[in-house]
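Structure record follows, encoded as structure tokens.
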Number of protein chains: 2
Amino acid sequence: MEIFYAYESDGRTCRLDSDESAHLVRVLRRRAGDEVHIIDGEGTMYRCRLTDDSPKAAEAEVLEAFPDWGAHPYCLTIGCCPTKNNERFETFVEKAVEIGVDCIAPLIGERSERKVYKTERAERIALAAAKQSLKAKLPKISEPLSVREFVREPREGLKLIAYCFEGDVPRRSIKAALAQYCQAGERPEGLAGNAEVRAIGPCDGPGAAGNVGPGSVGLPQITVLIGPEGDFSPEEAAEAVANGYIPVHLGPSRLRTETAAITAAEAVYFCFL
Amino acid sequence: MEIFYAYESDGRTCRLDSDESAHLVRVLRRRAGDEVHIIDGEGTMYRCRLTDDSPKAAEAEVLEAFPDWGAHPYCLTIGCCPTKNNERFETFVEKAVEIGVDCIAPLIGERSERKVYKTERAERIALAAAKQSLKAKLPKISEPLSVREFVREPREGLKLIAYCFEGDVPRRSIKAALAQYCQAGERPEGLAGNAEVRAIGPCDGPGAAGNVGPGSVGLPQITVLIGPEGDFSPEEAAEAVANGYIPVHLGPSRLRTETAAITAAEAVYFCFL
């Protein structure tokens with residue numbers, strides 16, 4: 001099943017950009033009248049009939065709409081410091097999209113080796129992964145922010161920071177923190193003192209503005225932060241905790257940054273499975 | 001913490017091969033008398049003193065031994081059909097080692113696009129990942145077998161096959177199958193009729209001969225099969241089920257082969273977290 005992406009769709013007509021049009025018409029040789037499957041990137045897949053087979057600006061008429069196509073039952077933001085080796089971060093982007101993620105926030109930490117990050121390549125990888133894994137919603141790849149800027153943003157739901165916290169700061173596993181949060185939207189108890197966790201809230205909270213499509217409203221919202229190769233600085237971690245982030249560990253294995261981020265996505269996926 | 005690998009160690013002396021010796025002596029400029037950390041690939045990390053700083057055949061004297069260093073509380077074999085794109089399979093190998101795996105069995109399925117697989121590169125990647133993630137035990141990368149040959153091998157413990165089983169074969173999630181197995185070693189009920197699952201057995205069962213180090217004896221043994229891009233053939237799947245493999249799904253997401261294999265490793269990891 002080959003999927004295409006419409007940069008514009010009003011529920012009746014889907015318009016493809018030049019890349020998608022060229023692939024559809026030049027590579028796959030689809031012609032006006034053919035049936036095609038098109039996602040809008042916001043959660044809906046349309047079964048369409050191709051009406052204009054221009055290889056630069058193809059258009060298709062909607063026959064049937066499938067909202068929440070390939071959706072998952074949560075709204076997950078992963079804030080992760082891009083790795084020095086860009087391909088490793090891109091592996092995380094691809095795998096996270098396959099597993100299920102709503103927003104990927106590249107973060108620049110005080111100990112990040114990579115201080116600049118351009119989102120274009122990650123966006124292309126996310127689009128390819130969404131099409132390949134049959135998901136109609138594209139994750140938002142936000143513009144890079146410093147860790148401190150990010151943790152100050154208002155944000156609903158469960159907020160977790162995976163941090164080594166060398167010393168005696170108590171941590172629980174991400175599995176335990178997620179399990180407690182998911183139990184009927186109860187307020188977690190016995191977590192870090194500063195942690196202010198609300199009951200399961202809407203995915204369209206203030207911090208998530210623009211991050212989520214219509215299908216995500218009302219889903220449990222979860223944010224997980226993953227630091228750079230050298231970890232968060234103690235000051236960044238303290239500021240995150242002061243802003244309601246709960247320190248968690250990802251288990252006994254020492255994981256690379258991108259593996260930790262993939263593992264966080266898997267932990268949430270399995271919590272809701 | 002830089003880790004080296006000894007191709008030979010008797011508990012008193014560790015011997016490094018030419019690659020490891022060159023890295024230790026030429027690149028990192030360690031000299032006789034320096035303290036070094038060396039794994040034996042079977043589960044033990046040795047704190048050593050370098051006695052011979054030959055860049056071709058370094059040797060070190062053991063000062064202290066740490067058995068089961070970086071070990072996980074299960075013995076996991078993942079049988080996976082190598083992807084057409086070799087790098088994707090290697091991503092799985094690296095991530096699985098970081099997360100925790102004991103044996104990686106490359107399988108050739110009837111629908112595999114890749115019919116030949118050489119294990120050398122995967123072994124190098126596994127070694128690098130074990131050193132990087134601070135694990136003293138290297139997974140065994142077995143020689144490729146056909147899916148049918150593999151499923152006929154005697155094998156203790158829980159045996160799972162992730163397969164689409166289009167049609168009405170009942171499947172449970174890998175999470176549910178693992179949870180039931182792990183509950184006090186009870187025999188799973190309500191699974192596929194042909195499934196013969198033993199109580200948690202030793203990791204040194206017949207099928208695992210040579211696959212596991214001494215630290216794995218007595219651990220729950222789990223095998224998961226992941227098919228090629230085109231899935232297992234119905235005949236392969238039927239033969240697996242006839243040999244005691246339980247059909248499972250990995251959740252609603254459609255995952256690439258290597259992502260499915262990573263996800264299986266994560267499912268086991270989180271089950272025991």
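Chain labels run A, B, ... following the order of the structure tokens; each chain numbers its residues from 1, and ligands are numbered from 1 in the order shown.
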Lay chain B over chain A using all C-alpha atoms, matched one to one in order, with a least-squares fit; then write it out as a compact mmCIF listing (two decimals) with C-alpha atoms, in the first residue's frame.
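out_23.txt was written with the following content:
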# COMPACT_ATOMS: atom_id res chain seq x y z
CA MET B 1 0.00 0.01 -0.01
CA GLU B 2 1.67 3.19 -1.24
CA ILE B 3 0.80 6.36 0.67
CA PHE B 4 1.16 9.97 -0.46
CA TYR B 5 1.14 13.18 1.49
CA ALA B 6 -1.02 16.19 0.70
CA TYR B 7 0.36 19.52 1.78
CA GLU B 8 -3.17 20.86 1.42
CA SER B 9 -6.50 19.13 1.84
CA ASP B 10 -9.94 20.51 2.64
CA GLY B 11 -11.71 17.17 2.96
CA ARG B 12 -12.74 17.23 -0.69
CA THR B 13 -9.55 17.81 -2.65
CA CYS B 14 -5.96 16.81 -1.85
CA ARG B 15 -3.03 18.68 -3.40
CA LEU B 16 0.42 17.13 -3.61
CA ASP B 17 3.67 19.06 -3.74
CA SER B 18 6.20 18.59 -6.51
CA ASP B 19 8.15 15.79 -4.75
CA GLU B 20 5.06 13.74 -4.04
CA SER B 21 3.57 14.48 -7.45
CA ALA B 22 6.75 13.42 -9.26
CA HIS B 23 6.90 10.18 -7.27
CA LEU B 24 3.23 9.44 -7.96
CA VAL B 25 3.22 10.30 -11.66
CA ARG B 26 6.79 9.81 -12.91
CA VAL B 27 7.99 6.92 -10.76
CA LEU B 28 4.77 5.01 -10.13
CA ARG B 29 3.09 6.13 -13.37
CA ARG B 30 -0.31 6.72 -11.82
CA ARG B 31 -2.76 8.48 -14.10
CA ALA B 32 -5.95 10.54 -13.69
CA GLY B 33 -8.75 8.19 -12.69
CA ASP B 34 -6.49 5.91 -10.60
CA GLU B 35 -7.29 5.39 -6.93
CA VAL B 36 -4.64 6.69 -4.51
CA HIS B 37 -4.27 6.84 -0.74
CA ILE B 38 -3.30 10.22 0.65
CA ILE B 39 -2.62 11.36 4.22
CA ASP B 40 -3.09 14.93 5.38
CA GLY B 41 -0.38 14.74 8.05
CA GLU B 42 -2.93 15.63 10.72
CA GLY B 43 -4.47 12.23 11.28
CA THR B 44 -6.76 11.53 8.33
CA MET B 45 -6.13 9.19 5.43
CA TYR B 46 -8.18 9.81 2.30
CA ARG B 47 -9.03 7.26 -0.33
CA CYS B 48 -8.98 9.42 -3.44
CA ARG B 49 -9.32 9.40 -7.19
CA LEU B 50 -6.52 11.17 -9.02
CA THR B 51 -8.01 14.05 -11.01
CA ASP B 52 -4.86 15.86 -12.16
CA ASP B 53 -1.76 13.78 -12.92
CA SER B 54 0.57 16.72 -13.28
CA PRO B 55 4.04 15.57 -12.14
CA LYS B 56 4.52 18.93 -10.46
CA ALA B 57 1.16 19.54 -8.81
CA ALA B 58 -1.06 16.48 -8.74
CA GLU B 59 -4.58 16.72 -7.35
CA ALA B 60 -7.04 14.10 -6.19
CA GLU B 61 -10.70 14.04 -5.27
CA VAL B 62 -11.62 12.52 -1.90
CA LEU B 63 -13.81 9.40 -2.06
CA GLU B 64 -13.63 8.35 1.58
CA ALA B 65 -11.99 9.68 4.74
CA PHE B 66 -10.44 7.61 7.55
CA PRO B 67 -9.84 9.86 10.57
CA ASP B 68 -7.35 8.80 13.27
CA TRP B 69 -5.74 6.44 10.80
CA GLY B 70 -2.83 4.65 12.47
CA ALA B 71 -3.36 6.70 15.63
CA HIS B 72 -2.11 5.72 19.07
CA PRO B 73 -4.02 6.25 22.33
CA TYR B 74 -1.70 8.86 23.83
CA CYS B 75 0.03 12.09 22.95
CA LEU B 76 3.79 11.78 23.34
CA THR B 77 6.39 14.52 23.17
CA ILE B 78 10.02 13.44 23.30
CA GLY B 79 12.48 16.20 23.97
CA CYS B 80 15.90 14.87 23.02
CA CYS B 81 19.30 16.43 22.58
CA PRO B 82 20.49 15.70 19.02
CA THR B 83 23.53 13.43 18.92
CA LYS B 84 26.91 14.51 17.61
CA ASN B 85 26.43 11.98 14.83
CA ASN B 86 23.32 13.24 13.07
CA GLU B 87 22.40 9.83 11.66
CA ARG B 88 21.92 8.47 15.16
CA PHE B 89 19.33 11.13 15.96
CA GLU B 90 17.65 10.39 12.65
CA THR B 91 17.46 6.71 13.58
CA PHE B 92 15.55 7.79 16.68
CA VAL B 93 13.22 9.98 14.60
CA GLU B 94 12.43 7.13 12.22
CA LYS B 95 11.89 4.53 14.93
CA ALA B 96 9.86 6.87 17.13
CA VAL B 97 7.50 7.63 14.25
CA GLU B 98 7.04 3.93 13.53
CA ILE B 99 6.33 3.22 17.20
CA GLY B 100 4.23 6.35 17.77
CA VAL B 101 5.18 9.91 18.70
CA ASP B 102 3.41 13.26 18.35
CA CYS B 103 6.13 15.81 18.85
CA ILE B 104 9.91 15.57 18.67
CA ALA B 105 11.61 18.51 20.31
CA PRO B 106 15.33 18.83 19.58
CA LEU B 107 16.91 20.26 22.70
CA ILE B 108 20.27 21.89 23.14
CA GLY B 109 21.77 21.02 26.48
CA GLU B 110 24.62 22.73 28.26
CA ARG B 111 26.69 19.60 27.67
CA SER B 112 25.46 18.99 24.10
CA GLU B 113 28.23 18.47 21.59
CA ARG B 114 25.77 19.56 18.89
CA LYS B 115 24.70 23.15 19.49
CA VAL B 116 22.92 23.71 16.17
CA TYR B 117 20.21 21.54 14.70
CA LYS B 118 18.28 21.94 11.45
CA THR B 119 14.94 20.18 11.33
CA GLU B 120 14.56 19.68 7.56
CA ARG B 121 16.15 16.24 7.32
CA ALA B 122 14.28 14.97 10.36
CA GLU B 123 11.02 16.19 8.81
CA ARG B 124 11.72 14.27 5.64
CA ILE B 125 12.58 11.16 7.60
CA ALA B 126 9.44 11.51 9.71
CA LEU B 127 7.29 11.84 6.60
CA ALA B 128 8.84 8.75 4.99
CA ALA B 129 8.44 6.77 8.23
CA ALA B 130 4.80 7.84 8.67
CA LYS B 131 3.96 6.79 5.13
CA GLN B 132 5.85 3.52 5.49
CA SER B 133 4.24 2.67 8.83
CA LEU B 134 0.75 3.69 7.69
CA LYS B 135 0.14 6.64 9.96
CA ALA B 136 -1.85 9.64 8.82
CA LYS B 137 -0.47 12.02 11.40
CA LEU B 138 3.01 13.46 11.10
CA PRO B 139 4.83 14.31 14.30
CA LYS B 140 5.73 17.91 14.73
CA ILE B 141 9.50 18.44 14.77
CA SER B 142 9.79 21.65 16.72
CA GLU B 143 12.54 24.20 16.34
CA PRO B 144 15.47 23.61 18.70
CA LEU B 145 15.24 25.12 22.16
CA SER B 146 17.65 25.06 25.03
CA VAL B 147 16.77 22.54 27.73
CA ARG B 148 16.04 25.39 30.11
CA GLU B 149 13.72 27.15 27.68
CA PHE B 150 11.88 23.90 27.03
CA VAL B 151 11.28 22.94 30.66
CA ARG B 152 9.90 26.40 31.43
CA GLU B 153 7.16 26.02 28.82
CA PRO B 154 3.76 25.28 30.30
CA ARG B 155 2.85 21.69 29.50
CA GLU B 156 0.00 19.44 30.61
CA GLY B 157 0.15 15.82 31.67
CA LEU B 158 2.98 13.59 32.84
CA LYS B 159 6.44 15.12 32.51
CA LEU B 160 9.46 12.84 32.90
CA ILE B 161 13.18 13.44 32.73
CA ALA B 162 15.54 10.52 32.19
CA TYR B 163 18.66 11.61 33.97
CA CYS B 164 21.45 9.82 35.78
CA PHE B 165 21.15 12.04 38.86
CA GLU B 166 24.36 10.73 40.30
CA GLY B 167 23.91 10.91 44.01
CA ASP B 168 20.92 10.01 46.06
CA VAL B 169 17.99 11.61 44.24
CA PRO B 170 15.31 8.94 44.29
CA ARG B 171 14.20 7.75 40.90
CA ARG B 172 11.68 5.24 39.76
CA SER B 173 11.63 3.42 36.46
CA ILE B 174 9.83 5.00 33.54
CA LYS B 175 7.64 1.89 33.50
CA ALA B 176 6.50 2.46 37.09
CA ALA B 177 5.93 6.19 36.56
CA LEU B 178 3.85 5.54 33.44
CA ALA B 179 1.86 2.73 35.04
CA GLN B 180 0.92 4.91 37.98
CA TYR B 181 -0.07 7.81 35.75
CA CYS B 182 -2.20 5.63 33.51
CA GLN B 183 -4.16 4.10 36.36
CA ALA B 184 -7.41 6.00 36.04
CA GLY B 185 -5.70 9.33 35.80
CA GLU B 186 -4.68 9.24 39.44
CA ARG B 187 -2.22 11.74 40.72
CA PRO B 188 1.06 9.94 41.26
CA GLU B 189 2.16 9.72 44.87
CA GLY B 190 5.56 9.18 46.32
CA LEU B 191 7.30 10.79 43.39
CA ALA B 192 9.75 13.63 43.57
CA GLY B 193 8.58 16.30 45.94
CA ASN B 194 8.50 19.05 43.37
CA ALA B 195 6.63 17.01 40.84
CA GLU B 196 3.34 18.57 40.01
CA VAL B 197 1.51 16.06 37.93
CA ARG B 198 -2.03 16.61 36.88
CA ALA B 199 -4.59 13.96 36.19
CA ILE B 200 -4.68 12.82 32.61
CA GLY B 201 -5.31 16.03 30.74
CA PRO B 202 -6.14 16.99 27.23
CA CYS B 203 -3.48 16.72 24.58
CA ASP B 204 -4.19 20.29 23.53
CA GLY B 205 -2.78 21.90 26.65
CA PRO B 206 -0.95 25.17 26.40
CA GLY B 207 2.48 23.65 25.95
CA ALA B 208 1.29 21.46 23.16
CA ALA B 209 -0.29 24.24 21.14
CA GLY B 210 0.15 23.52 17.50
CA ASN B 211 1.80 20.19 18.23
CA VAL B 212 -1.17 17.93 17.99
CA GLY B 213 -3.90 17.16 15.54
CA PRO B 214 -7.58 17.00 16.25
CA GLY B 215 -7.41 13.26 16.94
CA SER B 216 -5.27 13.81 20.02
CA VAL B 217 -7.66 15.92 22.06
CA GLY B 218 -8.43 14.27 25.37
CA LEU B 219 -5.63 11.71 25.18
CA PRO B 220 -3.15 11.33 28.03
CA GLN B 221 -0.26 13.66 27.38
CA ILE B 222 3.25 12.52 28.19
CA THR B 223 6.56 14.33 27.81
CA VAL B 224 9.93 12.61 28.22
CA LEU B 225 13.28 14.38 28.18
CA ILE B 226 16.46 12.63 27.05
CA GLY B 227 19.79 14.34 27.53
CA PRO B 228 22.91 14.52 25.38
CA GLU B 229 25.83 12.06 25.45
CA GLY B 230 27.21 13.90 28.50
CA ASP B 231 23.79 13.96 30.23
CA PHE B 232 21.92 17.03 31.44
CA SER B 233 23.86 19.38 33.67
CA PRO B 234 22.80 19.27 37.34
CA GLU B 235 21.39 22.79 36.90
CA GLU B 236 19.27 21.77 33.91
CA ALA B 237 17.98 18.73 35.78
CA ALA B 238 17.17 20.80 38.85
CA GLU B 239 15.29 23.32 36.74
CA ALA B 240 13.33 20.52 35.08
CA VAL B 241 12.38 19.05 38.46
CA ALA B 242 11.41 22.51 39.71
CA ASN B 243 9.10 22.74 36.71
CA GLY B 244 7.36 19.46 37.49
CA TYR B 245 9.50 16.93 35.65
CA ILE B 246 9.79 13.62 37.49
CA PRO B 247 13.24 11.97 37.45
CA VAL B 248 13.06 8.47 36.01
CA HIS B 249 15.52 5.84 34.91
CA LEU B 250 15.22 3.65 31.84
CA GLY B 251 16.40 0.49 33.56
CA PRO B 252 19.81 -0.99 34.22
CA SER B 253 21.17 -0.84 30.67
CA ARG B 254 23.47 2.01 29.72
CA LEU B 255 21.93 3.28 26.50
CA ARG B 256 23.18 5.65 23.84
CA THR B 257 21.19 8.89 23.56
CA GLU B 258 19.17 7.74 20.55
CA THR B 259 18.58 4.31 22.07
CA ALA B 260 17.36 5.95 25.27
CA ALA B 261 14.93 8.05 23.23
CA ILE B 262 13.69 4.99 21.33
CA THR B 263 13.36 3.13 24.63
CA ALA B 264 11.26 5.96 26.07
CA ALA B 265 8.92 5.74 23.05
CA GLU B 266 8.71 1.96 23.52
CA ALA B 267 7.97 2.33 27.25
CA VAL B 268 4.97 4.54 26.48
CA TYR B 269 3.88 2.26 23.63
CA PHE B 270 3.95 -0.81 25.87
CA CYS B 271 2.25 1.01 28.74
CA PHE B 272 -0.79 1.53 26.50
CA LEU B 273 -0.63 -1.86 24.75
Task: alpha helix (DSSP H) call set, DSSP backbone run, segment 138-174 of chain A, as a list in words - done: Val147, Arg148, Glu149, Phe150, Val151, Arg152 and Ile174 of chain A
Generate the output file for the selected residues, C-alpha atoms, as an mmCIF file, in the first residue's frame.
data_model
loop_
_atom_site.group_PDB
_atom_site.id
_atom_site.type_symbol
_atom_site.label_atom_id
_atom_site.label_comp_id
_atom_site.auth_asym_id
_atom_site.auth_seq_id
_atom_site.Cartn_x
_atom_site.Cartn_y
_atom_site.Cartn_z
ATOM 1 C CA VAL A 147 16.800 22.523 27.737
ATOM 2 C CA ARG A 148 16.073 25.370 30.131
ATOM 3 C CA GLU A 149 13.751 27.138 27.699
ATOM 4 C CA PHE A 150 11.911 23.905 27.043
ATOM 5 C CA VAL A 151 11.308 22.924 30.677
ATOM 6 C CA ARG A 152 9.921 26.401 31.452
ATOM 7 C CA ILE A 174 9.870 4.978 33.548
#
- [ ] From the DSSP assignment of the backbone, select every residue of segment 132-168 of chain B that is strand (DSSP E), and format the answer as a ChimeraX atom specification.
- [x] /B:140-141,145-146,158-162
How about saving the chosen residues, N, CA and C atoms kept, as a PDB file, in the first residue's frame?
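Once everything was written out, this is part_1.pdb:
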ATOM      1  N   LYS B 140      25.904 -14.131  21.253  1.00  0.00           N
ATOM      2  CA  LYS B 140      26.328 -15.012  20.166  1.00  0.00           C
ATOM      3  C   LYS B 140      25.549 -14.622  18.910  1.00  0.00           C
ATOM      4  N   ILE B 141      26.261 -14.443  17.816  1.00  0.00           N
ATOM      5  CA  ILE B 141      25.596 -14.247  16.518  1.00  0.00           C
ATOM      6  C   ILE B 141      25.738 -15.591  15.822  1.00  0.00           C
ATOM      7  N   LEU B 145      20.441 -19.772   9.542  1.00  0.00           N
ATOM      8  CA  LEU B 145      19.681 -21.001   9.321  1.00  0.00           C
ATOM      9  C   LEU B 145      18.401 -20.617   8.614  1.00  0.00           C
ATOM     10  N   SER B 146      17.803 -21.566   7.929  1.00  0.00           N
ATOM     11  CA  SER B 146      16.470 -21.281   7.411  1.00  0.00           C
ATOM     12  C   SER B 146      15.507 -21.244   8.590  1.00  0.00           C
ATOM     13  N   LEU B 158      10.081 -19.909  26.792  1.00  0.00           N
ATOM     14  CA  LEU B 158       8.979 -19.303  26.053  1.00  0.00           C
ATOM     15  C   LEU B 158       9.419 -19.031  24.622  1.00  0.00           C
ATOM     16  N   LYS B 159       8.633 -19.529  23.672  1.00  0.00           N
ATOM     17  CA  LYS B 159       8.969 -19.350  22.255  1.00  0.00           C
ATOM     18  C   LYS B 159       7.834 -18.586  21.576  1.00  0.00           C
ATOM     19  N   LEU B 160       8.174 -17.434  21.012  1.00  0.00           N
ATOM     20  CA  LEU B 160       7.162 -16.549  20.418  1.00  0.00           C
ATOM     21  C   LEU B 160       7.489 -16.299  18.951  1.00  0.00           C
ATOM     22  N   ILE B 161       6.464 -16.182  18.157  1.00  0.00           N
ATOM     23  CA  ILE B 161       6.648 -15.783  16.761  1.00  0.00           C
ATOM     24  C   ILE B 161       5.755 -14.584  16.476  1.00  0.00           C
ATOM     25  N   ALA B 162       6.383 -13.479  16.075  1.00  0.00           N
ATOM     26  CA  ALA B 162       5.637 -12.279  15.700  1.00  0.00           C
ATOM     27  C   ALA B 162       5.315 -12.398  14.219  1.00  0.00           C
TER      28      ALA B 162
END
